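Undergrad: Questions regarding the structure given below will be posed in turn.
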Amino acid sequence: MEKDILIHVKGIQFLETGEEQEPIELVVPGQYYFRNGAHYIRYEEMVDDSGKPTVNYIKMSDRGVEVSKKGQVNVHMVFEQGKRNRTFYTTPFGTLQLGISATHMQISQDENELKAKVDYSLDMNEEYVADCYLDIQAQTARCENFSL
């Protein structure tokens with residue numbers, strides 16, 4: 001895959017009420033590279049009106065998926081099949097302790113596209129919050145058949 005890519009990230013939470021929340025979706029340009037057996041994606045997003053971007057890094061490997069955010073929001077989330085990982089989610093308003101338990105993961109790649117799908121359970125301060133779904137799709141920016 002080429003260095004310049006388009007990234008589509010979609011996240012959905014399913015609360016205890018059984019209702020699906022509105023998905024959070026983002027389509028942005030970014031960069032891709034492959035190093036030491038892992039795929040890396042980097043992109044920037046604006047999380048508020050401050051004008052300061054949050055830099056996002058996604059790492060995909062045989063071990064799982066990692067998502068790091070640095071800027072207005074800071075977090076390092078690790079998704080490993082069948083394992084619960086803890087992290088701290090820091091915002092300008094305070095810090096939350098998160099627990100992430102990946103229940104299903106699928107990563108696929110071809111010459112122009114990289115995809116990851118993760119189902120996970122989320123808890124906050126040791127209390128169950130929701131079952132969640134993360135869908136990441138990266139395609140070569142010059143790909144003629146870009147689709148969401």
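Going through the structure tokens in order, the chains are called A, B, and so on, while each chain numbers its residues from 1 and the ligands are numbered from 1 in the order shown.
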So that I can check the surroundings of Gly94 in chain A, please list as a PDB file with N, CA, C and O atoms, in the first residue's frame every protein, DNA and RNA residue that reaches within 12 Å of it, counting only C-alpha atoms and ignoring chain neighbours fewer than 6 positions away.
TA:
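Listed below is the output, around_34.pdb:
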ATOM      1  N   GLN A  72      -5.405  17.162  22.347  1.00  0.00           N
ATOM      2  CA  GLN A  72      -6.480  17.583  23.244  1.00  0.00           C
ATOM      3  C   GLN A  72      -6.978  16.395  24.079  1.00  0.00           C
ATOM      4  O   GLN A  72      -7.420  16.552  25.203  1.00  0.00           O
ATOM      5  N   VAL A  73      -6.914  15.206  23.494  1.00  0.00           N
ATOM      6  CA  VAL A  73      -7.297  13.959  24.151  1.00  0.00           C
ATOM      7  C   VAL A  73      -6.074  13.055  24.107  1.00  0.00           C
ATOM      8  O   VAL A  73      -5.386  12.986  23.087  1.00  0.00           O
ATOM      9  N   ASN A  74      -5.797  12.352  25.206  1.00  0.00           N
ATOM     10  CA  ASN A  74      -4.659  11.434  25.253  1.00  0.00           C
ATOM     11  C   ASN A  74      -5.116  10.081  25.762  1.00  0.00           C
ATOM     12  O   ASN A  74      -5.743   9.991  26.821  1.00  0.00           O
ATOM     13  N   PHE A  88      -5.898   4.918  30.607  1.00  0.00           N
ATOM     14  CA  PHE A  88      -6.447   6.173  31.106  1.00  0.00           C
ATOM     15  C   PHE A  88      -6.749   7.073  29.924  1.00  0.00           C
ATOM     16  O   PHE A  88      -5.906   7.252  29.051  1.00  0.00           O
TER      17      PHE A  88
END
Undergrad: So that I can check the secondary structure, give me every residue of chain A assigned strand (DSSP E) by backbone DSSP, as a tab-separated table (two decimals) with N, CA, C and O atoms, in the first residue's frame.
TA:
chain	number	residue	atom	x	y	z
A	4	ASP	N	0.45	7.62	1.17
A	4	ASP	CA	-0.71	8.52	1.32
A	4	ASP	C	-2.00	7.72	1.19
A	4	ASP	O	-2.23	7.04	0.20
A	5	ILE	N	-2.84	7.83	2.24
A	5	ILE	CA	-4.07	7.03	2.30
A	5	ILE	C	-5.25	7.90	2.70
A	5	ILE	O	-5.09	9.01	3.19
A	6	LEU	N	-6.44	7.34	2.51
A	6	LEU	CA	-7.68	7.88	3.06
A	6	LEU	C	-8.14	6.89	4.12
A	6	LEU	O	-8.12	5.68	3.89
A	7	ILE	N	-8.56	7.41	5.26
A	7	ILE	CA	-8.93	6.57	6.40
A	7	ILE	C	-10.39	6.81	6.74
A	7	ILE	O	-10.83	7.95	6.85
A	8	HIS	N	-11.11	5.73	6.94
A	8	HIS	CA	-12.50	5.78	7.39
A	8	HIS	C	-12.57	5.03	8.71
A	8	HIS	O	-12.26	3.84	8.78
A	9	VAL	N	-12.90	5.74	9.78
A	9	VAL	CA	-13.02	5.14	11.11
A	9	VAL	C	-14.47	5.29	11.55
A	9	VAL	O	-15.04	6.39	11.48
A	10	LYS	N	-15.05	4.19	11.99
A	10	LYS	CA	-16.45	4.19	12.44
A	10	LYS	C	-16.52	3.46	13.77
A	10	LYS	O	-16.00	2.35	13.91
A	11	GLY	N	-17.15	4.10	14.76
A	11	GLY	CA	-17.32	3.49	16.06
A	11	GLY	C	-18.77	3.54	16.48
A	11	GLY	O	-19.46	4.53	16.25
A	12	ILE	N	-19.24	2.45	17.09
A	12	ILE	CA	-20.63	2.36	17.54
A	12	ILE	C	-20.64	1.77	18.94
A	12	ILE	O	-19.89	0.85	19.25
A	13	GLN	N	-21.53	2.32	19.81
A	13	GLN	CA	-21.72	1.77	21.15
A	13	GLN	C	-23.14	1.22	21.26
A	13	GLN	O	-24.09	1.83	20.79
A	14	PHE	N	-23.25	0.05	21.88
A	14	PHE	CA	-24.54	-0.56	22.16
A	14	PHE	C	-24.73	-0.53	23.68
A	14	PHE	O	-24.04	-1.25	24.40
A	24	ILE	N	-20.12	7.14	15.35
A	24	ILE	CA	-19.17	8.23	15.22
A	24	ILE	C	-18.31	7.87	14.02
A	24	ILE	O	-17.70	6.79	13.99
A	25	GLU	N	-18.32	8.72	13.00
A	25	GLU	CA	-17.58	8.42	11.77
A	25	GLU	C	-16.64	9.55	11.41
A	25	GLU	O	-16.94	10.72	11.66
A	26	LEU	N	-15.55	9.17	10.81
A	26	LEU	CA	-14.52	10.12	10.42
A	26	LEU	C	-13.88	9.62	9.13
A	26	LEU	O	-13.54	8.44	9.03
A	27	VAL	N	-13.74	10.50	8.14
A	27	VAL	CA	-13.00	10.19	6.91
A	27	VAL	C	-11.96	11.29	6.75
A	27	VAL	O	-12.32	12.47	6.63
A	28	VAL	N	-10.69	10.92	6.78
A	28	VAL	CA	-9.59	11.89	6.73
A	28	VAL	C	-8.42	11.33	5.92
A	28	VAL	O	-8.27	10.12	5.80
A	29	PRO	N	-7.57	12.22	5.41
A	29	PRO	CA	-6.32	11.74	4.81
A	29	PRO	C	-5.33	11.37	5.89
A	29	PRO	O	-5.40	11.87	7.02
A	30	GLY	N	-4.42	10.49	5.57
A	30	GLY	CA	-3.41	10.08	6.54
A	30	GLY	C	-2.22	9.44	5.87
A	30	GLY	O	-2.08	9.47	4.64
A	31	GLN	N	-1.37	8.85	6.68
A	31	GLN	CA	-0.17	8.18	6.18
A	31	GLN	C	-0.15	6.74	6.68
A	31	GLN	O	-0.61	6.44	7.77
A	32	TYR	N	0.44	5.87	5.85
A	32	TYR	CA	0.56	4.45	6.16
A	32	TYR	C	2.03	4.05	6.05
A	32	TYR	O	2.75	4.55	5.17
A	33	TYR	N	2.45	3.18	6.94
A	33	TYR	CA	3.75	2.54	6.76
A	33	TYR	C	3.73	1.17	7.43
A	33	TYR	O	2.90	0.89	8.31
A	34	PHE	N	4.62	0.30	6.99
A	34	PHE	CA	4.75	-1.05	7.50
A	34	PHE	C	6.16	-1.20	8.07
A	34	PHE	O	7.13	-0.90	7.39
A	35	ARG	N	6.25	-1.62	9.34
A	35	ARG	CA	7.55	-1.75	9.99
A	35	ARG	C	7.50	-2.89	11.00
A	35	ARG	O	6.55	-3.00	11.78
A	38	ALA	N	4.31	-4.95	11.47
A	38	ALA	CA	3.07	-4.27	11.88
A	38	ALA	C	2.71	-3.16	10.89
A	38	ALA	O	3.59	-2.53	10.29
A	39	HIS	N	1.42	-2.93	10.73
A	39	HIS	CA	0.89	-1.85	9.90
A	39	HIS	C	0.65	-0.64	10.80
A	39	HIS	O	0.07	-0.77	11.88
A	40	TYR	N	1.05	0.54	10.34
A	40	TYR	CA	0.86	1.77	11.10
A	40	TYR	C	0.09	2.78	10.26
A	40	TYR	O	0.38	2.95	9.08
A	41	ILE	N	-0.85	3.45	10.90
A	41	ILE	CA	-1.63	4.51	10.28
A	41	ILE	C	-1.51	5.74	11.18
A	41	ILE	O	-1.61	5.63	12.40
A	42	ARG	N	-1.34	6.90	10.55
A	42	ARG	CA	-1.28	8.16	11.30
A	42	ARG	C	-2.23	9.15	10.63
A	42	ARG	O	-2.24	9.28	9.42
A	43	TYR	N	-3.03	9.84	11.45
A	43	TYR	CA	-3.89	10.89	10.93
A	43	TYR	C	-4.19	11.89	12.04
A	43	TYR	O	-3.98	11.62	13.21
A	44	GLU	N	-4.67	13.06	11.63
A	44	GLU	CA	-5.02	14.10	12.59
A	44	GLU	C	-6.52	14.35	12.55
A	44	GLU	O	-7.15	14.20	11.50
A	45	GLU	N	-7.07	14.73	13.71
A	45	GLU	CA	-8.48	15.09	13.79
A	45	GLU	C	-8.64	16.27	14.74
A	45	GLU	O	-7.84	16.46	15.64
A	54	THR	N	-5.62	16.64	17.25
A	54	THR	CA	-5.21	15.46	18.00
A	54	THR	C	-4.63	14.50	16.99
A	54	THR	O	-5.25	14.21	15.96
A	55	VAL	N	-3.41	14.02	17.24
A	55	VAL	CA	-2.74	13.09	16.34
A	55	VAL	C	-3.11	11.68	16.76
A	55	VAL	O	-3.00	11.32	17.93
A	56	ASN	N	-3.56	10.88	15.79
A	56	ASN	CA	-3.98	9.50	16.04
A	56	ASN	C	-3.01	8.54	15.38
A	56	ASN	O	-2.61	8.76	14.23
A	57	TYR	N	-2.66	7.48	16.09
A	57	TYR	CA	-1.83	6.42	15.56
A	57	TYR	C	-2.57	5.11	15.75
A	57	TYR	O	-3.09	4.84	16.83
A	58	ILE	N	-2.62	4.30	14.70
A	58	ILE	CA	-3.23	2.98	14.79
A	58	ILE	C	-2.18	1.97	14.37
A	58	ILE	O	-1.54	2.12	13.33
A	59	LYS	N	-1.99	0.96	15.20
A	59	LYS	CA	-1.05	-0.12	14.91
A	59	LYS	C	-1.84	-1.41	14.81
A	59	LYS	O	-2.63	-1.73	15.71
A	60	MET	N	-1.64	-2.15	13.71
A	60	MET	CA	-2.31	-3.44	13.52
A	60	MET	C	-1.24	-4.51	13.31
A	60	MET	O	-0.35	-4.34	12.48
A	61	SER	N	-1.35	-5.58	14.09
A	61	SER	CA	-0.38	-6.68	13.97
A	61	SER	C	-1.08	-7.98	14.35
A	61	SER	O	-2.27	-8.00	14.67
A	64	GLY	N	-2.82	-7.78	17.74
A	64	GLY	CA	-4.06	-7.04	17.91
A	64	GLY	C	-4.00	-5.67	17.29
A	64	GLY	O	-3.22	-5.41	16.39
A	65	VAL	N	-4.81	-4.77	17.83
A	65	VAL	CA	-4.92	-3.40	17.34
A	65	VAL	C	-4.65	-2.45	18.50
A	65	VAL	O	-5.14	-2.67	19.61
A	66	GLU	N	-3.87	-1.42	18.24
A	66	GLU	CA	-3.63	-0.38	19.24
A	66	GLU	C	-4.02	0.96	18.65
A	66	GLU	O	-3.73	1.24	17.49
A	67	VAL	N	-4.70	1.78	19.44
A	67	VAL	CA	-5.08	3.13	19.03
A	67	VAL	C	-4.53	4.10	20.06
A	67	VAL	O	-4.82	3.98	21.25
A	68	SER	N	-3.73	5.06	19.59
A	68	SER	CA	-3.17	6.09	20.46
A	68	SER	C	-3.62	7.45	19.97
A	68	SER	O	-3.64	7.70	18.77
A	69	LYS	N	-3.96	8.31	20.91
A	69	LYS	CA	-4.34	9.69	20.60
A	69	LYS	C	-3.46	10.60	21.44
A	69	LYS	O	-3.28	10.36	22.63
A	70	LYS	N	-2.93	11.66	20.79
A	70	LYS	CA	-2.08	12.62	21.50
A	70	LYS	C	-2.48	14.02	21.08
A	70	LYS	O	-2.52	14.34	19.90
A	75	VAL	N	-4.79	9.03	24.99
A	75	VAL	CA	-5.15	7.68	25.38
A	75	VAL	C	-4.31	6.69	24.57
A	75	VAL	O	-3.86	7.01	23.46
A	76	HIS	N	-4.08	5.51	25.11
A	76	HIS	CA	-3.45	4.41	24.39
A	76	HIS	C	-4.30	3.17	24.67
A	76	HIS	O	-4.22	2.58	25.75
A	77	MET	N	-5.14	2.81	23.70
A	77	MET	CA	-6.06	1.68	23.85
A	77	MET	C	-5.47	0.46	23.15
A	77	MET	O	-5.03	0.55	22.00
A	78	VAL	N	-5.47	-0.67	23.84
A	78	VAL	CA	-4.93	-1.92	23.29
A	78	VAL	C	-6.08	-2.92	23.21
A	78	VAL	O	-6.75	-3.20	24.21
A	79	PHE	N	-6.29	-3.45	22.00
A	79	PHE	CA	-7.34	-4.44	21.75
A	79	PHE	C	-6.66	-5.77	21.43
A	79	PHE	O	-6.03	-5.92	20.38
A	84	ARG	N	-8.41	-8.42	28.70
A	84	ARG	CA	-8.87	-7.10	29.17
A	84	ARG	C	-7.66	-6.22	29.41
A	84	ARG	O	-6.73	-6.61	30.11
A	85	ASN	N	-7.66	-5.05	28.82
A	85	ASN	CA	-6.58	-4.09	28.99
A	85	ASN	C	-7.14	-2.82	29.61
A	85	ASN	O	-8.25	-2.40	29.28
A	86	ARG	N	-6.35	-2.20	30.49
A	86	ARG	CA	-6.77	-0.95	31.13
A	86	ARG	C	-5.96	0.20	30.57
A	86	ARG	O	-4.79	0.05	30.21
A	87	THR	N	-6.58	1.37	30.54
A	87	THR	CA	-5.91	2.58	30.08
A	87	THR	C	-6.54	3.79	30.75
A	87	THR	O	-7.61	3.68	31.36
A	88	PHE	N	-5.90	4.92	30.61
A	88	PHE	CA	-6.45	6.17	31.11
A	88	PHE	C	-6.75	7.07	29.92
A	88	PHE	O	-5.91	7.25	29.05
A	89	TYR	N	-7.95	7.62	29.90
A	89	TYR	CA	-8.43	8.50	28.84
A	89	TYR	C	-8.42	9.91	29.42
A	89	TYR	O	-9.21	10.23	30.31
A	90	THR	N	-7.49	10.74	28.94
A	90	THR	CA	-7.30	12.08	29.50
A	90	THR	C	-7.86	13.12	28.55
A	90	THR	O	-7.52	13.14	27.36
A	91	THR	N	-8.74	13.97	29.08
A	91	THR	CA	-9.34	15.06	28.32
A	91	THR	C	-9.06	16.37	29.06
A	91	THR	O	-8.61	16.35	30.21
A	94	GLY	N	-10.72	16.16	32.53
A	94	GLY	CA	-10.35	15.18	33.54
A	94	GLY	C	-9.92	13.86	32.91
A	94	GLY	O	-9.87	13.71	31.69
A	95	THR	N	-9.64	12.89	33.78
A	95	THR	CA	-9.13	11.59	33.34
A	95	THR	C	-10.08	10.48	33.79
A	95	THR	O	-10.55	10.49	34.93
A	96	LEU	N	-10.33	9.53	32.90
A	96	LEU	CA	-11.16	8.37	33.19
A	96	LEU	C	-10.33	7.10	33.04
A	96	LEU	O	-9.48	7.02	32.15
A	97	GLN	N	-10.60	6.11	33.88
A	97	GLN	CA	-9.97	4.81	33.72
A	97	GLN	C	-10.90	3.95	32.86
A	97	GLN	O	-12.09	3.82	33.17
A	98	LEU	N	-10.36	3.39	31.78
A	98	LEU	CA	-11.14	2.54	30.88
A	98	LEU	C	-10.63	1.11	30.93
A	98	LEU	O	-9.44	0.88	31.06
A	99	GLY	N	-11.55	0.17	30.80
A	99	GLY	CA	-11.22	-1.23	30.61
A	99	GLY	C	-11.74	-1.65	29.25
A	99	GLY	O	-12.89	-1.38	28.91
A	100	ILE	N	-10.90	-2.31	28.46
A	100	ILE	CA	-11.26	-2.71	27.10
A	100	ILE	C	-11.05	-4.21	26.97
A	100	ILE	O	-9.95	-4.71	27.20
A	101	SER	N	-12.13	-4.92	26.62
A	101	SER	CA	-12.05	-6.37	26.44
A	101	SER	C	-12.50	-6.71	25.03
A	101	SER	O	-13.70	-6.67	24.72
A	102	ALA	N	-11.56	-7.03	24.15
A	102	ALA	CA	-11.88	-7.38	22.77
A	102	ALA	C	-12.49	-8.78	22.72
A	102	ALA	O	-11.92	-9.74	23.24
A	103	THR	N	-13.66	-8.89	22.10
A	103	THR	CA	-14.34	-10.18	21.99
A	103	THR	C	-14.21	-10.79	20.61
A	103	THR	O	-14.34	-12.00	20.44
A	104	HIS	N	-13.93	-9.95	19.60
A	104	HIS	CA	-13.74	-10.45	18.24
A	104	HIS	C	-12.91	-9.44	17.46
A	104	HIS	O	-13.14	-8.24	17.56
A	105	MET	N	-11.93	-9.94	16.69
A	105	MET	CA	-11.11	-9.06	15.86
A	105	MET	C	-10.88	-9.71	14.51
A	105	MET	O	-10.74	-10.93	14.42
A	106	GLN	N	-10.84	-8.86	13.49
A	106	GLN	CA	-10.55	-9.34	12.14
A	106	GLN	C	-9.73	-8.27	11.44
A	106	GLN	O	-10.12	-7.10	11.39
A	107	ILE	N	-8.57	-8.66	10.91
A	107	ILE	CA	-7.71	-7.75	10.17
A	107	ILE	C	-7.47	-8.35	8.80
A	107	ILE	O	-7.17	-9.55	8.68
A	108	SER	N	-7.62	-7.54	7.75
A	108	SER	CA	-7.38	-8.02	6.39
A	108	SER	C	-6.65	-6.95	5.59
A	108	SER	O	-6.76	-5.76	5.88
A	109	GLN	N	-5.93	-7.39	4.55
A	109	GLN	CA	-5.15	-6.46	3.75
A	109	GLN	C	-5.01	-6.98	2.33
A	109	GLN	O	-4.92	-8.19	2.10
A	113	GLU	N	-5.64	-1.73	0.25
A	113	GLU	CA	-6.58	-1.54	1.35
A	113	GLU	C	-6.16	-2.33	2.58
A	113	GLU	O	-5.63	-3.42	2.50
A	114	LEU	N	-6.44	-1.74	3.75
A	114	LEU	CA	-6.20	-2.37	5.04
A	114	LEU	C	-7.45	-2.17	5.87
A	114	LEU	O	-7.97	-1.06	5.95
A	115	LYS	N	-7.96	-3.25	6.47
A	115	LYS	CA	-9.19	-3.18	7.27
A	115	LYS	C	-8.99	-3.85	8.61
A	115	LYS	O	-8.29	-4.86	8.71
A	116	ALA	N	-9.65	-3.29	9.62
A	116	ALA	CA	-9.69	-3.92	10.94
A	116	ALA	C	-11.09	-3.73	11.50
A	116	ALA	O	-11.66	-2.64	11.41
A	117	LYS	N	-11.64	-4.79	12.06
A	117	LYS	CA	-12.93	-4.74	12.73
A	117	LYS	C	-12.74	-5.33	14.11
A	117	LYS	O	-12.18	-6.41	14.26
A	118	VAL	N	-13.21	-4.60	15.12
A	118	VAL	CA	-13.03	-5.03	16.51
A	118	VAL	C	-14.35	-4.89	17.25
A	118	VAL	O	-14.96	-3.82	17.24
A	119	ASP	N	-14.80	-5.95	17.88
A	119	ASP	CA	-15.92	-5.91	18.81
A	119	ASP	C	-15.30	-5.93	20.21
A	119	ASP	O	-14.41	-6.75	20.48
A	120	TYR	N	-15.77	-5.04	21.09
A	120	TYR	CA	-15.19	-5.02	22.42
A	120	TYR	C	-16.20	-4.52	23.45
A	120	TYR	O	-17.15	-3.84	23.14
A	121	SER	N	-15.93	-4.89	24.69
A	121	SER	CA	-16.71	-4.43	25.83
A	121	SER	C	-15.93	-3.31	26.49
A	121	SER	O	-14.72	-3.39	26.64
A	122	LEU	N	-16.64	-2.25	26.90
A	122	LEU	CA	-16.01	-1.09	27.49
A	122	LEU	C	-16.52	-0.90	28.91
A	122	LEU	O	-17.73	-0.94	29.16
A	123	ASP	N	-15.58	-0.73	29.86
A	123	ASP	CA	-16.00	-0.35	31.20
A	123	ASP	C	-15.25	0.92	31.59
A	123	ASP	O	-14.18	1.22	31.08
A	124	MET	N	-15.88	1.69	32.47
A	124	MET	CA	-15.31	2.95	32.93
A	124	MET	C	-15.27	2.92	34.45
A	124	MET	O	-16.30	2.67	35.08
A	127	GLU	N	-16.87	-0.10	35.99
A	127	GLU	CA	-18.30	-0.30	35.75
A	127	GLU	C	-18.55	-0.49	34.26
A	127	GLU	O	-18.12	0.33	33.45
A	128	TYR	N	-19.29	-1.56	33.91
A	128	TYR	CA	-19.62	-1.81	32.51
A	128	TYR	C	-20.37	-0.62	31.92
A	128	TYR	O	-21.28	-0.08	32.54
A	129	VAL	N	-19.98	-0.21	30.71
A	129	VAL	CA	-20.63	0.91	30.04
A	129	VAL	C	-21.39	0.45	28.80
A	129	VAL	O	-22.57	0.75	28.64
A	130	ALA	N	-20.71	-0.29	27.91
A	130	ALA	CA	-21.35	-0.65	26.64
A	130	ALA	C	-20.54	-1.70	25.90
A	130	ALA	O	-19.35	-1.89	26.16
A	131	ASP	N	-21.21	-2.36	24.97
A	131	ASP	CA	-20.53	-3.17	23.98
A	131	ASP	C	-20.31	-2.26	22.78
A	131	ASP	O	-21.20	-1.50	22.39
A	132	CYS	N	-19.12	-2.33	22.20
A	132	CYS	CA	-18.75	-1.38	21.15
A	132	CYS	C	-18.21	-2.11	19.93
A	132	CYS	O	-17.81	-3.27	20.00
A	133	TYR	N	-18.17	-1.37	18.83
A	133	TYR	CA	-17.70	-1.89	17.56
A	133	TYR	C	-16.82	-0.82	16.93
A	133	TYR	O	-17.23	0.34	16.86
A	134	LEU	N	-15.64	-1.19	16.48
A	134	LEU	CA	-14.72	-0.28	15.82
A	134	LEU	C	-14.40	-0.84	14.45
A	134	LEU	O	-14.01	-2.01	14.32
A	135	ASP	N	-14.57	-0.02	13.42
A	135	ASP	CA	-14.32	-0.43	12.04
A	135	ASP	C	-13.34	0.58	11.44
A	135	ASP	O	-13.64	1.77	11.37
A	136	ILE	N	-12.18	0.11	11.04
A	136	ILE	CA	-11.14	0.96	10.46
A	136	ILE	C	-10.88	0.48	9.04
A	136	ILE	O	-10.65	-0.71	8.81
A	137	GLN	N	-10.90	1.42	8.10
A	137	GLN	CA	-10.64	1.09	6.71
A	137	GLN	C	-9.67	2.14	6.17
A	137	GLN	O	-9.92	3.33	6.26
A	138	ALA	N	-8.55	1.69	5.62
A	138	ALA	CA	-7.56	2.59	5.02
A	138	ALA	C	-7.34	2.15	3.59
A	138	ALA	O	-7.14	0.96	3.32
A	139	GLN	N	-7.41	3.11	2.67
A	139	GLN	CA	-7.21	2.81	1.26
A	139	GLN	C	-6.22	3.79	0.67
A	139	GLN	O	-6.15	4.96	1.07
A	140	THR	N	-5.48	3.33	-0.31
A	140	THR	CA	-4.56	4.20	-1.03
A	140	THR	C	-5.32	5.41	-1.54
A	140	THR	O	-6.40	5.28	-2.11
Undergrad: What gap, in Å, lies between CA of Glu111 in chain A and CA of Gly37 in chain A?
TA: 15.5 Å
Undergrad: Please report the interatomic distance between CA of Glu80 in chain A and CA of Asp62 in chain A in Å with one decimal.
TA: 9.4 Å
